[in-house]
Each structure stands twice: as C-alpha cells, then as structure tokens.
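Structure first, commentary second.
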Amino acid sequence: MDTEKVYTTSLRLYKNRPVHHQAYRYLKEYNKDIFKTKDDFIAEAIVYFAKYLQQEEEVQQMKLLNTLLENQKEQFSKIVKEAVFQAQAEVLDNRNLLAEKVQKEPDGSGLTEESIEQETACMEKDLRFAEFYGAFEE
C-alpha cells in the first residue's frame, strides 16, 4: 500500500472502561451494507460527531446572544423612544415654520390648508408611534 496516500493512527479500547467496551461492540457489529470497512465507519462517526458538537456550540452561542439581547431590550426601546420624540419635535418646529409662511405668503404660493392638514395627520401618526414605544417602558 502506498503510504503517501494513507493516514495512519492507532485506536486503543480498554476492556475495563464501559464506553470503550460499548464502542468495541459497535465496531464489531457495524452495518456492512452501509459501510464497506471499519475505516469508513470510524471516519463517518468522527465527522458526524464533530458536526454535532459544533451545532451544540452554536446553539449555546445563540442562547447567550438571545440573553444579551433580552437584557438590552429596555435600553434599545429607550433609544428608539428618544429618537421618535426628537423627530416629533423637529416636525412640530417645521409645522410652526410652515404655518408662519402660510400666513406671510400671498395666495398661490403652493402652501395650502390641505398641505397643513396632511402635515398634521403625519404628526399624529408620529405621536401614536411614540406612545406605542412609550408603552414598553411602563
């Protein structure tokens, strides 16, 4: 056999260790219809188990990440609420400026009562949005 194409390793299974005894029994009784050799059986078992351990580690990392996110939820909602209130204040300032321009400008300037009503409706939606996020803090 060409040694450049083969990996070699040894495997010792001790009779006085229950897990080793069980592994030896599985090696003796492996399904020869699925695996042609013990080498194929062992290689598949190692790869399968390594992937399983990797998935378990990823599950643990996801649980840790979810815990961190749960702990940060209150801070996140506070930041969102502050941003909404700041945007709302800017809208109110813009609305006041718009109302002043409508009063100063002659008719036909493009600023109408309808555009002011639309702006007010948008502001009311923003207020409801802010109240929605405010409910999380309570």
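Chain lettering (A, B, ...) mirrors the order of the structure tokens, residue numbering begins at 1 for each chain separately, and ligand numbering begins at 1 in order of display.
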**Request:** Could you tell me, as a ChimeraX atom specification, which residues of chain A DSSP assigns to helix (DSSP H, G or I) when given the backbone?
**Result:** /A:3-5,18-28,38-104,113-137
**Item:** For atom CA of Lys81 of chain A and atom CA of Cys122 of chain A, the interatomic separation in Å (one decimal)
**Value:**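 Rounded to one decimal, the two atoms are 17.1 Å apart.
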**Request:** Within 12 Å of segment 26-43 of chain A, counting only C-alpha atoms, which residues show up once you throw out same-chain ones fewer than 6 positions away? Write them as a ChimeraX atom specification, please.
**Result:** /A:6-11,13,19-20,49-50
**Asked** Excluding same-chain residues fewer than 3 positions from Phe85 of chain A, what lies within 12 Å of it counting only C-alpha atoms, as a PyMOL selection string?
**Response** chain A and resi 78-82+88-92+123+126-134
**Item:** A:Lys125, A:Asn71, A:Val59, A:Arg95 ranked by distance to Glu113 of chain A, top pick (using only C-alpha atoms)
**Value:**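 For Glu113 of chain A, the nearest of the candidates is A:Arg95.
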**Prompt:** Can you tell me how far atom CA of Tyr52 of chain A sits from atom CA of Lys5 of chain A, in Å to one decimal?
**Reply:** 28.0 Å
